[in-house]
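Worksheet for the structure shown next.
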Amino acid sequence: MKLGKVYLVGAGPGDPDLITRKALRLLGEADVVIYDRLIPPELLWETRPDAELIDAGKQPTKHRLSQESINQVIVDRAMKGKSVLRLKGGDPLIFGRGSEEALACHKYGIHFEIVPGISSAHAVPAYAGIPLTHRHLSSCFTVITGHEDPQKPESSIDYQALANIGGTIVILMGVKHLRRITRTLIAGGLDKRTPAAIIEWGTMPRQRSLIGTLSTVADIASEHQFQPPAVTVIGEVVRLRERGLQWFDLLPADLVAPSQSANGIV
């Protein structure tokens with residue numbers, strides 16, 4: 001039997017309108033769609049009526065399917081000649097496991113294609129009115145994960161170097177360890193008064209953003225019970241939000257992601 005093909009596709013950061021045209025086209029053609037927890041549910045309405053839909057959603061403490069099981073499902077369906085679309089939140093290669101899934105395909109000689117998606121690393125701050133760069137404030141940005149492989153004996157992130165490199169720091173998946181991360185950055189030499197923001201459910205109607213400093217942002221997140229998914233931004237560019245860039249917060253309710261609110265999904 002002829003092998004199928006696998007598409008590793010980024011769904012974007014949450015707002016369903018931010019998926020790419022190519023990803024949307026492939027979604028409507030696939031035989032099998034294996035999707036993550038944080039993908040916009042409306043996107044599944046774009047699949048074929050006869051498509052097989054497989055929920056592979058992972059929560060921080062509960063995995064519907066292990067990564068090994070997901071890899072096996074992808075391979076099994078493709079070995080049966082199916083067109084398989086793996087739909088992942090954000091971009092499939094930025095702190096996702098798209099590369100592991102691609103390697104599983106390569107191992108069995110299955111052709112695959114990677115379709116990049118808009119990453120929450122820059123989209124969520126943009127929706128919160130925080131540019132990651134500004135010619136007077138930040139000429140670079142660094143993106144780190146706040147949730148490293150628990151099997152690693154120690155963190156592979158050099159926080160002291162990060163504290164001294166300058167520019168903007170973006171932390172993905174860092175709510176649980178935010179206090180430890182901010183304290184480590186302060187110990188590494190980053191000024192505790194550096195502006196910091198935390199954004200929950202970025203690009204979605206329920207988005208909320210709060211501003212503090214490097215020394216207070218973890219307390220703010222805890223006090224207001226911020227939960228994943230959330231993005232933390234540290235740097236002088238955070239100040240721009242309150243200087244007139246908080247565009248999303250000021251939209252009338254009926255204009256906030258109309259494709260989401262119109263379908264009653266919040």
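Residue numbering restarts at 1 for every chain of the structure tokens, chains are lettered A, B, ... in their displayed order, and ligands are numbered from 1 as they appear.
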
- Residues near Leu190 (chain A), cut-off 7 Å, only C-alpha atoms, skip fewer than 2 positions along chain, as a ChimeraX atom specification: /A:163-164,185-186,188,192

Using the selection just defined, write its residues with N, CA, C and O atoms as a PDB file, in the first residue's frame.
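Output (out32.pdb):
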```pdb
ATOM      1  N   ALA A 163      20.080  37.353  31.972  1.00  0.00           N
ATOM      2  CA  ALA A 163      19.881  38.588  32.731  1.00  0.00           C
ATOM      3  C   ALA A 163      20.741  39.726  32.216  1.00  0.00           C
ATOM      4  O   ALA A 163      20.414  40.897  32.430  1.00  0.00           O
ATOM      5  N   ASN A 164      21.819  39.386  31.523  1.00  0.00           N
ATOM      6  CA  ASN A 164      22.766  40.417  31.089  1.00  0.00           C
ATOM      7  C   ASN A 164      22.783  40.657  29.588  1.00  0.00           C
ATOM      8  O   ASN A 164      23.508  41.536  29.119  1.00  0.00           O
ATOM      9  N   LEU A 185      16.554  35.375  37.720  1.00  0.00           N
ATOM     10  CA  LEU A 185      16.974  36.485  36.868  1.00  0.00           C
ATOM     11  C   LEU A 185      17.498  37.646  37.705  1.00  0.00           C
ATOM     12  O   LEU A 185      18.504  38.277  37.358  1.00  0.00           O
ATOM     13  N   ILE A 186      16.836  37.937  38.828  1.00  0.00           N
ATOM     14  CA  ILE A 186      17.306  39.004  39.721  1.00  0.00           C
ATOM     15  C   ILE A 186      18.668  38.639  40.302  1.00  0.00           C
ATOM     16  O   ILE A 186      19.592  39.470  40.353  1.00  0.00           O
ATOM     17  N   GLY A 188      20.787  36.856  38.909  1.00  0.00           N
ATOM     18  CA  GLY A 188      21.755  36.919  37.812  1.00  0.00           C
ATOM     19  C   GLY A 188      22.140  38.324  37.425  1.00  0.00           C
ATOM     20  O   GLY A 188      23.026  38.515  36.588  1.00  0.00           O
ATOM     21  N   LYS A 192      15.510  44.365  39.498  1.00  0.00           N
ATOM     22  CA  LYS A 192      14.211  43.899  39.965  1.00  0.00           C
ATOM     23  C   LYS A 192      13.086  44.859  39.609  1.00  0.00           C
ATOM     24  O   LYS A 192      11.897  44.502  39.640  1.00  0.00           O
TER      25      LYS A 192
END
```

- All residues 10 Å or closer to Leu3 (chain A), only C-alpha atoms, same chain fewer than 6 positions away omitted, as a PyMOL selection string: chain A and resi 75+77-83+108-111

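The two atoms in question, CA of Ser119 (chain A) and CA of Ile19 (chain A), are spaced 10.4 Å apart.
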
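Of the listed residues A:Ala128, A:Ala123, A:Ile118, A:Ile74, the one whose atoms come nearest to Leu250 (chain A) is A:Ala128, with distances taken using only C-alpha atoms.
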
- Message: Let's see if you can do this: from backbone DSSP, list all alpha helix (DSSP H) residues in region 37-225 of chain A, as a ChimeraX atom specification.
- Response: /A:67-79,98-107,120-127,159-164,178-187,217-223

Residue selection dump (C-alpha atoms) as a short mmCIF file (atom, residue, chain, number, x, y, z; two decimals), in the first residue's frame:
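part.cif written:
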```
data_model
loop_
_atom_site.label_atom_id
_atom_site.label_comp_id
_atom_site.auth_asym_id
_atom_site.auth_seq_id
_atom_site.Cartn_x
_atom_site.Cartn_y
_atom_site.Cartn_z
CA GLN A 67 3.97 11.66 23.08
CA GLU A 68 5.06 8.15 22.16
CA SER A 69 1.41 7.21 21.55
CA ILE A 70 0.87 10.28 19.39
CA ASN A 71 3.93 9.41 17.32
CA GLN A 72 2.61 5.89 16.87
CA VAL A 73 -0.86 7.04 15.81
CA ILE A 74 0.66 9.38 13.22
CA VAL A 75 2.84 6.59 11.83
CA ASP A 76 0.07 3.98 11.88
CA ARG A 77 -2.40 6.14 9.96
CA ALA A 78 0.20 7.21 7.41
CA MET A 79 1.30 3.59 6.92
CA GLY A 98 6.85 18.76 16.05
CA SER A 99 10.48 17.82 15.50
CA GLU A 100 10.00 14.59 17.45
CA GLU A 101 6.97 13.73 15.34
CA ALA A 102 8.88 14.54 12.16
CA LEU A 103 11.73 12.26 13.24
CA ALA A 104 9.23 9.47 13.87
CA CYS A 105 7.96 9.88 10.31
CA HIS A 106 11.49 9.90 8.91
CA LYS A 107 12.29 6.68 10.77
CA SER A 120 2.24 32.93 20.88
CA ALA A 121 5.74 34.19 21.69
CA HIS A 122 5.16 37.32 19.62
CA ALA A 123 1.40 37.25 18.87
CA VAL A 124 0.23 37.32 22.49
CA PRO A 125 2.41 40.32 23.46
CA ALA A 126 1.22 42.08 20.28
CA TYR A 127 -2.43 41.59 21.31
CA TYR A 159 19.79 32.68 33.50
CA GLN A 160 22.81 34.80 34.38
CA ALA A 161 23.62 35.26 30.70
CA LEU A 162 19.94 35.93 30.02
CA ALA A 163 19.88 38.59 32.73
CA ASN A 164 22.77 40.42 31.09
CA LEU A 178 7.42 32.07 37.49
CA ARG A 179 8.57 32.92 41.01
CA ARG A 180 11.68 30.76 40.69
CA ILE A 181 12.48 32.16 37.24
CA THR A 182 12.14 35.82 38.25
CA ARG A 183 14.22 35.32 41.39
CA THR A 184 16.93 33.61 39.36
CA LEU A 185 16.97 36.49 36.87
CA ILE A 186 17.31 39.00 39.72
CA ALA A 187 20.11 36.94 41.25
CA VAL A 217 4.92 39.83 38.57
CA ALA A 218 4.88 36.40 40.26
CA ASP A 219 2.87 37.82 43.18
CA ILE A 220 0.46 39.48 40.75
CA ALA A 221 -0.01 36.23 38.83
CA SER A 222 -0.70 34.35 42.06
CA GLU A 223 -3.02 36.99 43.53
#
```

- Task: Would you mind reading off the distance between CA of Pro13 (chain A) and CA of Leu137 (chain A), one decimal, in Å?
- Result: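 Between CA of Pro13 (chain A) and CA of Leu137 (chain A) the gap is 25.4 Å.
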
Which residues of region 128-222 of chain A come within 9 Å of region 84-95 of chain A, and what is each one's closest atom pair and distance in Å (one decimal), counting only C-alpha atoms, sorted by chain and residue number, as CSV?
```
residue,atom,partner,partner_atom,distance
A:Ile144,CA,A:Phe95,CA,8.6
A:Thr145,CA,A:Phe95,CA,7.0
A:Leu172,CA,A:Phe95,CA,8.4
```

- Kindly indicate which residue among A:Tyr35, A:Tyr7, A:Trp247, A:Phe226 lies nearest to Phe112 (chain A), using only C-alpha atoms for the distances. A:Tyr7

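Of the listed residues (A:Ala197, A:Arg64, A:Leu240, A:Val33), A:Val33 comes nearest to Ala51 (chain A); the distances count only C-alpha atoms.
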
- Item | Test item: residues at most 9 Å from region 52-55 of chain A, only C-alpha atoms, excluding those fewer than 4 positions along its chain, as a ChimeraX atom specification | /A:30-37,44,47-48,64-65

- Task: Could you jot down the CA of His136 (chain A) to CA of Arg193 (chain A) separation for me, Å, one decimal place?
- Result: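 For CA of His136 (chain A) relative to CA of Arg193 (chain A), the distance reads 18.6 Å.
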
- Using DSSP on the backbone, list every residue of region 175-237 of chain A that comes out as strand (DSSP E), and give them as a ChimeraX atom specification. /A:195-200,208-213,230-234

Surrounding residues of Arg241 (chain A) excluding itself and chain neighbours under 4 positions, 12 Å, only C-alpha atoms, as a PDB file with N, CA, C and O atoms, in the first residue's frame:
```pdb
ATOM      1  N   PRO A 125       2.006  38.960  23.079  1.00  0.00           N
ATOM      2  CA  PRO A 125       2.406  40.317  23.461  1.00  0.00           C
ATOM      3  C   PRO A 125       1.834  41.387  22.524  1.00  0.00           C
ATOM      4  O   PRO A 125       1.440  42.464  22.989  1.00  0.00           O
ATOM      5  N   ALA A 126       1.763  41.100  21.220  1.00  0.00           N
ATOM      6  CA  ALA A 126       1.220  42.084  20.277  1.00  0.00           C
ATOM      7  C   ALA A 126      -0.234  42.397  20.606  1.00  0.00           C
ATOM      8  O   ALA A 126      -0.662  43.563  20.572  1.00  0.00           O
ATOM      9  N   TYR A 127      -1.032  41.376  20.945  1.00  0.00           N
ATOM     10  CA  TYR A 127      -2.429  41.593  21.309  1.00  0.00           C
ATOM     11  C   TYR A 127      -2.548  42.328  22.648  1.00  0.00           C
ATOM     12  O   TYR A 127      -3.579  42.950  22.918  1.00  0.00           O
ATOM     13  N   ALA A 128      -1.527  42.246  23.472  1.00  0.00           N
ATOM     14  CA  ALA A 128      -1.527  42.971  24.744  1.00  0.00           C
ATOM     15  C   ALA A 128      -0.948  44.376  24.601  1.00  0.00           C
ATOM     16  O   ALA A 128      -0.856  45.108  25.591  1.00  0.00           O
ATOM     17  N   GLY A 129      -0.560  44.742  23.388  1.00  0.00           N
ATOM     18  CA  GLY A 129      -0.001  46.070  23.168  1.00  0.00           C
ATOM     19  C   GLY A 129       1.447  46.196  23.586  1.00  0.00           C
ATOM     20  O   GLY A 129       1.894  47.283  23.970  1.00  0.00           O
ATOM     21  N   ILE A 130       2.188  45.079  23.494  1.00  0.00           N
ATOM     22  CA  ILE A 130       3.604  45.090  23.888  1.00  0.00           C
ATOM     23  C   ILE A 130       4.453  44.623  22.707  1.00  0.00           C
ATOM     24  O   ILE A 130       4.470  43.431  22.380  1.00  0.00           O
ATOM     25  N   PRO A 131       5.156  45.535  22.047  1.00  0.00           N
ATOM     26  CA  PRO A 131       6.063  45.127  20.969  1.00  0.00           C
ATOM     27  C   PRO A 131       7.331  44.532  21.568  1.00  0.00           C
ATOM     28  O   PRO A 131       7.839  45.033  22.571  1.00  0.00           O
ATOM     29  N   LEU A 132       7.833  43.475  20.982  1.00  0.00           N
ATOM     30  CA  LEU A 132       9.035  42.856  21.554  1.00  0.00           C
ATOM     31  C   LEU A 132      10.293  43.661  21.266  1.00  0.00           C
ATOM     32  O   LEU A 132      11.286  43.537  21.986  1.00  0.00           O
ATOM     33  N   PRO A 195      10.231  46.434  34.103  1.00  0.00           N
ATOM     34  CA  PRO A 195       8.797  46.196  33.876  1.00  0.00           C
ATOM     35  C   PRO A 195       8.534  44.765  33.406  1.00  0.00           C
ATOM     36  O   PRO A 195       9.342  44.173  32.671  1.00  0.00           O
ATOM     37  N   ALA A 196       7.413  44.214  33.834  1.00  0.00           N
ATOM     38  CA  ALA A 196       7.040  42.852  33.448  1.00  0.00           C
ATOM     39  C   ALA A 196       5.524  42.777  33.303  1.00  0.00           C
ATOM     40  O   ALA A 196       4.780  43.436  34.022  1.00  0.00           O
ATOM     41  N   ALA A 197       5.083  41.961  32.355  1.00  0.00           N
ATOM     42  CA  ALA A 197       3.649  41.764  32.125  1.00  0.00           C
ATOM     43  C   ALA A 197       3.355  40.279  32.043  1.00  0.00           C
ATOM     44  O   ALA A 197       4.196  39.489  31.599  1.00  0.00           O
ATOM     45  N   ILE A 199       0.207  37.765  30.522  1.00  0.00           N
ATOM     46  CA  ILE A 199      -0.970  37.779  29.661  1.00  0.00           C
ATOM     47  C   ILE A 199      -1.553  36.376  29.622  1.00  0.00           C
ATOM     48  O   ILE A 199      -0.862  35.427  29.246  1.00  0.00           O
ATOM     49  N   SER A 209      -4.548  40.996  30.874  1.00  0.00           N
ATOM     50  CA  SER A 209      -3.144  41.347  31.031  1.00  0.00           C
ATOM     51  C   SER A 209      -2.955  42.187  32.281  1.00  0.00           C
ATOM     52  O   SER A 209      -3.784  43.046  32.587  1.00  0.00           O
ATOM     53  N   LEU A 210      -1.861  41.924  32.999  1.00  0.00           N
ATOM     54  CA  LEU A 210      -1.531  42.715  34.171  1.00  0.00           C
ATOM     55  C   LEU A 210      -0.054  43.086  34.128  1.00  0.00           C
ATOM     56  O   LEU A 210       0.777  42.309  33.652  1.00  0.00           O
ATOM     57  N   ILE A 211       0.239  44.268  34.640  1.00  0.00           N
ATOM     58  CA  ILE A 211       1.589  44.821  34.590  1.00  0.00           C
ATOM     59  C   ILE A 211       2.163  44.918  35.994  1.00  0.00           C
ATOM     60  O   ILE A 211       1.479  45.281  36.942  1.00  0.00           O
ATOM     61  N   GLY A 212       3.452  44.596  36.103  1.00  0.00           N
ATOM     62  CA  GLY A 212       4.166  44.763  37.363  1.00  0.00           C
ATOM     63  C   GLY A 212       5.635  44.975  37.067  1.00  0.00           C
ATOM     64  O   GLY A 212       5.997  45.586  36.063  1.00  0.00           O
ATOM     65  N   VAL A 233       6.187  38.683  29.741  1.00  0.00           N
ATOM     66  CA  VAL A 233       7.123  39.539  28.992  1.00  0.00           C
ATOM     67  C   VAL A 233       7.858  40.419  29.988  1.00  0.00           C
ATOM     68  O   VAL A 233       7.237  41.061  30.848  1.00  0.00           O
ATOM     69  N   GLY A 235      10.830  43.478  30.254  1.00  0.00           N
ATOM     70  CA  GLY A 235      11.660  44.433  29.530  1.00  0.00           C
ATOM     71  C   GLY A 235      11.004  45.802  29.453  1.00  0.00           C
ATOM     72  O   GLY A 235       9.811  45.964  29.741  1.00  0.00           O
ATOM     73  N   GLU A 236      11.778  46.798  29.039  1.00  0.00           N
ATOM     74  CA  GLU A 236      11.284  48.171  28.979  1.00  0.00           C
ATOM     75  C   GLU A 236      10.124  48.349  28.014  1.00  0.00           C
ATOM     76  O   GLU A 236       9.307  49.256  28.169  1.00  0.00           O
ATOM     77  N   VAL A 237      10.006  47.462  27.018  1.00  0.00           N
ATOM     78  CA  VAL A 237       8.918  47.594  26.039  1.00  0.00           C
ATOM     79  C   VAL A 237       7.546  47.422  26.685  1.00  0.00           C
ATOM     80  O   VAL A 237       6.532  47.871  26.134  1.00  0.00           O
ATOM     81  N   LEU A 245      -0.739  51.649  23.466  1.00  0.00           N
ATOM     82  CA  LEU A 245      -0.707  50.513  22.551  1.00  0.00           C
ATOM     83  C   LEU A 245      -1.671  49.389  22.922  1.00  0.00           C
ATOM     84  O   LEU A 245      -1.728  48.387  22.224  1.00  0.00           O
ATOM     85  N   GLN A 246      -2.450  49.533  23.989  1.00  0.00           N
ATOM     86  CA  GLN A 246      -3.327  48.431  24.405  1.00  0.00           C
ATOM     87  C   GLN A 246      -4.611  48.417  23.572  1.00  0.00           C
ATOM     88  O   GLN A 246      -5.729  48.567  24.070  1.00  0.00           O
ATOM     89  N   TRP A 247      -4.454  48.166  22.307  1.00  0.00           N
ATOM     90  CA  TRP A 247      -5.549  48.249  21.342  1.00  0.00           C
ATOM     91  C   TRP A 247      -6.634  47.186  21.561  1.00  0.00           C
ATOM     92  O   TRP A 247      -7.824  47.476  21.451  1.00  0.00           O
ATOM     93  N   PHE A 248      -6.227  45.956  21.872  1.00  0.00           N
ATOM     94  CA  PHE A 248      -7.193  44.858  21.967  1.00  0.00           C
ATOM     95  C   PHE A 248      -8.156  45.065  23.129  1.00  0.00           C
ATOM     96  O   PHE A 248      -9.359  44.796  23.018  1.00  0.00           O
ATOM     97  N   ASP A 249      -7.642  45.562  24.241  1.00  0.00           N
ATOM     98  CA  ASP A 249      -8.473  45.785  25.433  1.00  0.00           C
ATOM     99  C   ASP A 249      -9.556  46.831  25.183  1.00  0.00           C
ATOM    100  O   ASP A 249     -10.575  46.846  25.882  1.00  0.00           O
ATOM    101  N   LEU A 250      -9.331  47.707  24.216  1.00  0.00           N
ATOM    102  CA  LEU A 250     -10.249  48.817  23.982  1.00  0.00           C
ATOM    103  C   LEU A 250     -11.275  48.536  22.897  1.00  0.00           C
ATOM    104  O   LEU A 250     -12.133  49.370  22.610  1.00  0.00           O
TER     105      LEU A 250
END
```
